[in-house]
Each structure stands twice: as C-alpha cells, then as structure tokens.
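The structure appears right after this line, and notes come after that.
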Amino acid sequence: ADVRRMLLAQKSYVEGALGLVLYCGRLLDEERSAADDTERARARMLLEVLTPIAKSWPSQWCLHANDLAIQIHGGYGYTREYDVEQHYRDNRLNPIHEGTHGIQALDLLGRKVVMDDGAGLAALEALVRATIERACAVGGEARDLGAALDRALARLGEVTRTIHTAHVPADVRLANASLYLEAAGHVVVAWIWLEQFLATGDADDALRQGKRHACRYFYRYELPRTAAQFDVLARLDTTTLDADDTWF
C-alpha cells in the first residue's frame, strides 16, 4: 500500500503540473490570438496570476515525485545502477533557477493577486467556479470533489483579502509568501484535476480510471494540506520574522 501511495503521489504531482503548464501555454496563444480584446485581456490576466504558480509549484512537487521514485527503489534508488538519482539531481535545479521559488512567491502574493484591484485573482476564481458548477451538475463523486474545491477556493480568497487589508508592515504581510504559493498552487492543481476528472466521462479504460483515481488521491491526501496552511496565513504568523540571527 505504501508503494502505491508513492506512485499515486507522483502521478498526481506530475500529471497535475503538466496540465497546468499546458493550460498556461493555451493562455499564451489566447493572449495573442483570441477573437476580441476582452478575451485577450482575460487571458493576459489569468496568465499573470498563474505564471508564478506554473513556474514554482511543478519545480517543488515534481522534485518531490523524484524523491519518492528514489524511495520506491529502496537503497538501490540512491545508486547509479538506476537513473532515478540522476533525475533528482537534474531536477533539484528547478526550484533554484525558476526565480527562485521564494521570489516567485513574493511575486504572487505581493503583486499578482492584487494587481488591477485583484482582477487576475478574480478571473481565476471565476474560471475555477465555472468548473465547480459543471461538476455539481454532473452530480455524484464529481459534485463532492467540486464542493471540496469550492471550500478551498473560498478560503484562498478570504485569506488573500485578510493579508492585504491588514494594517501591518510589508515584511509581515509577505513573511509567509512561500506558504501562500504552495497553498494557492494546490488549489489550482486541484482545479486542473477536477477538469481531468470531468473529461474522463464514463469511460472505464485504464487511462481514464487512472486519471480519476489520481484525482481522488489529490483531493483526499493533498488538498487537505491547505487548511492548516491557510490558518497560518490568516493569522499573519511572524515566527520566521521573530527569529534572531544569533539563534542560527
């Protein structure tokens, strides 16, 4: 069971991240070629808010997938007899050269979710809610998944507003930006997985069954992480700021 857990985790990270990156590629096209100015502006706003997530979430969690691949191999995973250790070393660069991760987090929380009076975040919320409505219309398991995503999305919006309306210095507002990026990324990837779940329809081949089960895993094991993260963010925790240099 534990090996199956690790395989499901890898599948949920990698295929969720791939779906996100492909969607951003679509937005790049729509930004240039959509039929009217309104659609082009919408694509641009969505791309602005999704770019820090698309750069950093895959670089963090797909690296974790590499880590799990080593673990599945046991002691052999750390030897050159198998190539998983090479993949890990190659991909460890990604959280560094993409900005880095912490800078992308500052960009997301400090700029992108509040730019144009929050238009980008509002566009993202509308996009995700449209998927949730489709899931609710399908009913059954899709409706339950949609309800879970709706709760997480609402919390993301509430916490974002709490952070940016608080009368605190900027360093307090941004102290936990990386945690915000991780939580927001999980919400966005949960949306990507719900889209994939809906796309499978009633087909019961291995590909589509695997997609549905990876979606279940992400909603049962990964999305719940965000609840505790949002709690820390909502109280504008200053533990990291309060640490004195001499304590390290």
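Identifiers in this document derive from the order of the structure tokens: chains are assigned A, B, ..., residues are numbered from 1 separately in each chain, and ligands are numbered from 1 in order of occurrence.
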Please, which residues in stretch 125-239 of chain A fall within 9 Å of stretch 50-58 of chain A when counting only C-alpha atoms, and what is the closest atom pair and distance in Å to one decimal for each, ordered by chain then residue number, as a Markdown table?
| residue | atom | partner | partner_atom | distance |
| --- | --- | --- | --- | --- |
| A:Leu181 | CA | A:Ile53 | CA | 6.7 |
| A:Glu182 | CA | A:Trp57 | CA | 6.7 |
| A:Ala184 | CA | A:Ile53 | CA | 7.8 |
| A:Gly185 | CA | A:Ile53 | CA | 5.7 |
| A:His186 | CA | A:Trp57 | CA | 8.1 |
| A:Val188 | CA | A:Ile53 | CA | 8.4 |
| A:Val189 | CA | A:Trp57 | CA | 8.9 |
Mind dumping the selected residues with C-alpha atoms as a PDB file, in the first residue's frame?
ATOM      1  CA  LEU A 181       2.319  29.945  -3.072  1.00  0.00           C
ATOM      2  CA  GLU A 182       2.209  26.310  -2.000  1.00  0.00           C
ATOM      3  CA  ALA A 184      -2.573  28.506  -3.862  1.00  0.00           C
ATOM      4  CA  GLY A 185      -0.751  26.046  -6.107  1.00  0.00           C
ATOM      5  CA  HIS A 186      -2.538  23.114  -4.505  1.00  0.00           C
ATOM      6  CA  VAL A 188      -5.051  25.478  -8.731  1.00  0.00           C
ATOM      7  CA  VAL A 189      -3.794  21.936  -9.347  1.00  0.00           C
TER       8      VAL A 189
END
Exercise. Neighbours of A:Ile163 within 8 Å (only C-alpha atoms; same-chain residues fewer than 2 positions away dropped), as an MDAnalysis selection string?
Worked result: chainID A and resid 159:161 165:166 173 233:234 236
For this session: Pick out the residues sitting within 9 Å of A:Leu28, and hand them over as a ChimeraX atom specification; count only C-alpha atoms, and ignore anything fewer than 4 positions along from it in its own chain.
Result: /A:23-24,32-33,43-44,47
Problem set entry | Spatial neighbours of A:Thr100, max dist 12 Å, only C-alpha atoms, sep filter under 4 positions, as a count of residues only | 17
For this session: Assign secondary structure with DSSP using the backbone only, and return the residues of stretch 60-157 of chain A in alpha helix (DSSP H) as JSON, numbers by chain.
Result: {"A": [60, 61, 62, 63, 64, 65, 66, 67, 68, 69, 70, 71, 72, 84, 85, 86, 87, 88, 89, 90, 91, 94, 95, 96, 97, 101, 102, 103, 104, 105, 106, 107, 115, 116, 117, 118, 119, 120, 121, 122, 123, 124, 125, 126, 127, 128, 129, 130, 131, 132, 133, 134, 135, 136, 137, 138, 140, 141, 142, 143, 144, 145, 146, 147, 148, 149, 150, 151, 152, 153, 154, 155, 156, 157]}
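In this model, the gap between atom CA of A:Tyr13 and atom CA of A:Ala65 comes to 6.9 Å.
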Per residue of stretch 15-129 of chain A within 12 Å of stretch 135-150 of chain A, which atom pair is closest and at what distance in Å (one decimal), using only C-alpha atoms, listed by chain and increasing number, as a tab-separated table?
residue	atom	partner	partner_atom	distance
A:Glu125	CA	A:Asp150	CA	9.6
A:Ala126	CA	A:Asp150	CA	11.1
A:Leu127	CA	A:Asp150	CA	11.8
A:Val128	CA	A:Asp150	CA	8.4
A:Arg129	CA	A:Asp150	CA	7.2
